[in-house]
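A.B. asks: Dropping a structure here in structure tokens format, bear with me for questions.
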There are 2 protein chains.
Amino acid sequence: MNQPVAWGRPRAERADAARNRQVLLACARKILAEQGPDRLTMDGLAERAGLGKGTVFRRFGTRAGIFQALLDDGERAFQEQVLSGPPPLGPGAAPLDRLIAYGQARIDFLIGHRDLARGALDGRESVPAGTQSPMSQIHIRSLLAQLSLDEADLDVLATQLTAALDGPLLLYLSSDLIAEVGPRISTRLGRGWADLIRRVTCEPRARAGNPGQVR
Amino acid sequence: MNQPVAWGRPRAERADAARNRQVLLACARKILAEQGPDRLTMDGLAERAGLGKGTVFRRFGTRAGIFQALLDDGERAFQEQVLSGPPPLGPGAAPLDRLIAYGQARIDFLIGHRDLARGALDGRESVPAGTQSPMSQIHIRSLLAQLSLDEADLDVLATQLTAALDGPLLLYLSSDLIAEVGPRISTRLGRGWADLIRRVTCEPRARAGNPGQVR
DNA sequence: CGTTCAAACGGACTTTACCCCGGTTACCTT
DNA sequence: AAGGTAACCGGGGTAAAGTCCGTTTGAACG
């Protein structure tokens with residue numbers, strides 16, 4: 001939602017606006033930490049920040065927009081790791097390994113930010129997923145492209161794999177359940193992802209100290 | 001202690017309640033057809049049905065509940081085809097073929113009912129997916145089980161594949177886009193699904209007249 | 001038939017997301 | 001430095017979701 005890249009540049013953001021955004025994000029984080037996502041209301045946020053309600057809406061457009069903005073913050077750090085961190089997540093490792101590592105990292109990211117990710121999902125929007133698809137999807141697609149899968153529709157495959165990665169945590173597992181057994185879910189989904197990717201690329205299953213089923 | 005197993009029904013639904021539900025569903029369908037999903041409001045529905053607002057909420061609990069109820073209706077017919085229709089969707093074909101056919105059918109189902117499916121997604125709920133996962137997921141899991149995939153975590157794999165099937169249409173493709181190029185999307189996602197499934201099961205790619213990329 | 005009661009009903013009430021527009025202010029131009 | 005302007009601010013206004021509770025009614029039972 002911000003401009004890490006040079007926007008078309010209609011105009012730079014005004015100083016007071018930028019400052020207010022920071023204040024609002026900080027307050028939102030506080031409310032979230034203290035009272036949980038359900039208690040984050042636009043009026044409440046405005047009041048706590050000492051600003052008008054209109055300002056909040058101008059900055060974020062919609063309630064989900066706040067969650068997206070907060071999520072973007074976290075995603076920036078994550079993206080950094082992917083684009084220029086150490087392998088296998090960052091560049092330098094084989095595409096297959098990077099793909100597997102990326103899945104595990106994204107799973108953990110989503111588990112860690114599940115409230116934000118859920119909140120960013122807007123019920124009444126034509127494209128519910130805000131910023132959370134493009135980056136993932138593009139990265140996955142680019143790694144797939146390096147794997148020389150013949151006769152595959154890479155765009156579709158990347159979309160489906162992205163969904164396979166995000167879907168379980170966004171759609172099919174309750175937030176409470178994730179909170180309760182987060183680590184175990186991370187492990188199972190991570191292994192599942194690795195397995196799925198190896199199958200998709202027709203790579204033999206990893207050998208080594210794999211002590212059988214996980215249960 | 002209690003009755004043998006007939007614990008399923010604490011009480012039959014009262015006649016007026018059942019009648020009112022039908023009226024409400026019919027009215028909802030009309031409003032949807034005439035004015036689109038955004039215009040379907042609880043007050044409007046109640047008024048049009050000549051009932052109180054409280055009644056609407058008692059029947060469906062939430063706005064998304066109405067969409068889920070409408071979706072269930074359609075899903076019942078679909079489910080029938082899957083459980084006892086002709087192969088390859090219904091029983092009788094090889095698991096792999098059924099899986100592929102199921103994916104294509106579900107894609108078409110979701111495209112056909114995209115408004116309902118989207119509306120059934122509730123922003124503020126711990127488990128967004130209403131009725132739309134279990135059946136799909138269970139069926140996919142059961143077909144996978146017949147394929148003897150060694151060393152796979154079937155529950156996780158089924159969840160991920162379900163997400164790969166639903167996710168693109170629920171999360172990553174705008175409703176407008178789907179409306180515009182529905183048939184093409186159906187084809188591409190369908191082929192993508194078949195390809196994905198064949199890869200997952202390590203089956204050789206289908207031959208025959210596959211004229212390369214679809215674009 | 002009356003009695004009884006859980007369930008259903010209605011609609012006023014509360015809360016909250018989102019809109020609007022008059023007034024204000026930061027930034028650019030000259 | 002002055003002025004113009006586009007962007008920003010505030011907060012009251014609207015609509016729609018969801019809640020509450022007193023009233024009504026279907027149906028099981030005697």
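For the structure tokens, the naming scheme is as follows: chains receive sequential letters (A, B, ...) according to their order of presentation, residues are indexed from 1 within each chain, and ligands are indexed from 1 in presentation order.
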Find the spatial neighbours of stretch 78-86 of chain A, counting only C-alpha atoms (C1' of nucleotides), within a cut-off of 9 Å - ignore same-chain residues fewer than 3 positions away - and output them as JSON, numbers by chain.
C.D. replies: {"A": [74, 75, 89, 90, 91, 92, 93, 98, 102, 105, 106, 109, 135, 139]}
A.B. asks: Do a neighbour search on B:Gly190 at 10 Å with only C-alpha atoms (C1' of nucleotides), toss out local chain neighbours closer than 6 positions, and write the hits as a list in words.
C.D. replies: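 Once the nearby chain positions are removed, what remains is Val156 of chain A; Ile100, Ala101, Tyr102, Gly103, Gln104, Ala105, Arg106, Ile107, Asp108, Leu165, Arg184 and Leu196 of chain B.
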A.B. asks: If you fit chain B onto chain A using every C-alpha atom, paired in order, what RMSD in Å do you get?
C.D. replies: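 C-alpha RMSD after least-squares superposition: 3.2 Å.
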A.B. asks: Between C:DC13, C:DA8, C:DC19, C:DA26, single out the one closest to B:Leu51, counting only C-alpha atoms (C1' of nucleotides).
C.D. replies: C:DA8
A.B. asks: Taking only C-alpha atoms (C1' of nucleotides) into account, find every residue of chain D that has an atom no more than 8 Å from chain A, and write it out as a VMD selection string.
C.D. replies: chain D and resid 7 to 11
A.B. asks: Write out the residues from the selection above, keeping N, CA and C atoms (P, O5', C5', C4', C3', O3' and C1' of nucleotides), as an mmCIF file, in the first residue's frame.
C.D. replies:
data_model
loop_
_atom_site.group_PDB
_atom_site.id
_atom_site.type_symbol
_atom_site.label_atom_id
_atom_site.label_comp_id
_atom_site.auth_asym_id
_atom_site.auth_seq_id
_atom_site.Cartn_x
_atom_site.Cartn_y
_atom_site.Cartn_z
ATOM 1 P P DA D 7 -4.345 16.470 -5.081
ATOM 2 O "O5'" DA D 7 -4.046 16.099 -3.569
ATOM 3 C "C5'" DA D 7 -2.788 16.436 -2.992
ATOM 4 C "C4'" DA D 7 -2.976 16.700 -1.512
ATOM 5 C "C3'" DA D 7 -3.762 15.605 -0.794
ATOM 6 O "O3'" DA D 7 -2.934 15.069 0.224
ATOM 7 C "C1'" DA D 7 -4.556 17.783 -0.199
ATOM 8 P P DC D 8 -3.458 13.924 1.129
ATOM 9 O "O5'" DC D 8 -3.920 14.735 2.418
ATOM 10 C "C5'" DC D 8 -2.998 15.611 3.057
ATOM 11 C "C4'" DC D 8 -3.701 16.344 4.164
ATOM 12 C "C3'" DC D 8 -4.438 15.443 5.149
ATOM 13 O "O3'" DC D 8 -3.974 15.704 6.455
ATOM 14 C "C1'" DC D 8 -5.803 17.247 4.458
ATOM 15 P P DC D 9 -4.361 14.694 7.598
ATOM 16 O "O5'" DC D 9 -5.520 15.468 8.353
ATOM 17 C "C5'" DC D 9 -5.220 16.698 9.007
ATOM 18 C "C4'" DC D 9 -6.488 17.359 9.487
ATOM 19 C "C3'" DC D 9 -7.353 16.476 10.382
ATOM 20 O "O3'" DC D 9 -7.384 17.014 11.692
ATOM 21 C "C1'" DC D 9 -8.649 17.626 8.714
ATOM 22 P P DG D 10 -7.900 16.085 12.877
ATOM 23 O "O5'" DG D 10 -9.432 16.483 12.980
ATOM 24 C "C5'" DG D 10 -9.758 17.853 13.157
ATOM 25 C "C4'" DG D 10 -11.240 18.044 13.003
ATOM 26 C "C3'" DG D 10 -12.098 17.081 13.831
ATOM 27 O "O3'" DG D 10 -12.905 17.847 14.692
ATOM 28 C "C1'" DG D 10 -12.830 17.149 11.551
ATOM 29 P P DG D 11 -13.441 17.209 16.041
ATOM 30 O "O5'" DG D 11 -14.976 16.934 15.750
ATOM 31 C "C5'" DG D 11 -15.730 17.924 15.045
ATOM 32 C "C4'" DG D 11 -16.900 17.267 14.353
ATOM 33 C "C3'" DG D 11 -17.513 16.093 15.134
ATOM 34 O "O3'" DG D 11 -18.909 16.108 14.938
ATOM 35 C "C1'" DG D 11 -16.996 15.410 13.014
#
A.B. asks: Can you pull out the residues contacting D:DG3? Cut-off 12 Å, using only C-alpha atoms (C1' of nucleotides), and skip same-chain residues under 3 positions away; I want them as number ranges by chain.
C.D. replies: C: 27-30
A.B. asks: Pick out the closest residue to B:Ala194 from this set: A:His113, A:Ala12, A:Leu40, A:Leu157. Count only C-alpha atoms.
C.D. replies: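 Among the listed residues, A:Leu157 lies closest to B:Ala194.
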A.B. asks: Counting only C-alpha atoms (C1' of nucleotides), which residues of chain A come no farther than 8 Å from chain C, as a ChimeraX atom specification?
C.D. replies: /A:14-16,41-42,57,62-63
A.B. asks: With a cut-off of 9 Å, could you pull out the residues of chain A touching chain B and give me the nearest pair of atoms for each, distance in Å to one decimal, using only C-alpha atoms, ordered by chain and ascending number, as a tab-separated table?
C.D. replies:
residue	atom	partner	partner_atom	distance
A:Asp38	CA	B:Arg124	CA	7.9
A:Arg118	CA	B:Gly123	CA	7.5
A:Gly119	CA	B:Gly123	CA	7.1
A:Ala120	CA	B:Gly123	CA	8.7
A:Leu121	CA	B:Gly123	CA	6.2
A:Asp122	CA	B:Gly123	CA	5.7
A:Gly123	CA	B:Gly123	CA	4.6
A:Arg124	CA	B:Gly119	CA	7.6
A:Glu125	CA	B:Ser174	CA	8.6
A:Ser126	CA	B:Ser174	CA	5.1
A:Val127	CA	B:Ser174	CA	4.7
A:Pro128	CA	B:Leu171	CA	5.7
A:Ala129	CA	B:Leu171	CA	5.7
A:Ser133	CA	B:Tyr172	CA	7.1
A:Glu151	CA	B:Gly212	CA	7.0
A:Ala152	CA	B:Asp195	CA	7.3
A:Asp153	CA	B:Gly192	CA	6.6
A:Leu154	CA	B:Gly192	CA	8.8
A:Val156	CA	B:Gly192	CA	6.0
A:Leu157	CA	B:Gly192	CA	6.2
A:Thr159	CA	B:Pro168	CA	6.4
A:Gln160	CA	B:Ala164	CA	4.5
A:Leu161	CA	B:Ala164	CA	6.2
A:Thr162	CA	B:Ala164	CA	7.5
A:Ala163	CA	B:Ala164	CA	4.9
A:Ala164	CA	B:Gln160	CA	4.5
A:Leu165	CA	B:Gln160	CA	7.0
A:Asp166	CA	B:Ala163	CA	7.9
A:Gly167	CA	B:Ala163	CA	4.9
A:Pro168	CA	B:Thr159	CA	6.4
A:Leu170	CA	B:Pro128	CA	8.0
A:Leu171	CA	B:Pro128	CA	5.7
A:Tyr172	CA	B:Ala129	CA	6.3
A:Leu173	CA	B:Val127	CA	6.4
A:Ser174	CA	B:Val127	CA	4.7
A:Ser175	CA	B:Ser126	CA	5.4
A:Asp176	CA	B:Ser126	CA	7.2
A:Arg188	CA	B:Val156	CA	7.2
A:Leu189	CA	B:Val156	CA	6.4
A:Arg191	CA	B:Asp153	CA	8.4
A:Gly192	CA	B:Val156	CA	6.0
A:Trp193	CA	B:Leu157	CA	8.2
A:Asp195	CA	B:Ala152	CA	7.3
A:Leu196	CA	B:Val200	CA	6.7
A:Ile197	CA	B:Val200	CA	8.5
A:Arg198	CA	B:Val200	CA	8.5
A:Arg199	CA	B:Val200	CA	4.9
A:Val200	CA	B:Arg199	CA	4.9
A:Thr201	CA	B:Arg199	CA	7.3
A:Cys202	CA	B:Cys202	CA	6.6
A:Arg205	CA	B:Glu151	CA	8.9
A:Gly212	CA	B:Glu151	CA	7.5
A:Gln213	CA	B:Glu151	CA	6.9
A:Val214	CA	B:Asp153	CA	8.1
A:Arg215	CA	B:Asp153	CA	8.5
A.B. asks: Would you please extract all alpha helix (DSSP H) residues from stretch 57-201 of chain A, as assigned by DSSP on the backbone, and give them as a PyMOL selection string?
C.D. replies: chain A and resi 57-60+63-84+95-112+114-120+134-145+154-167+175-200
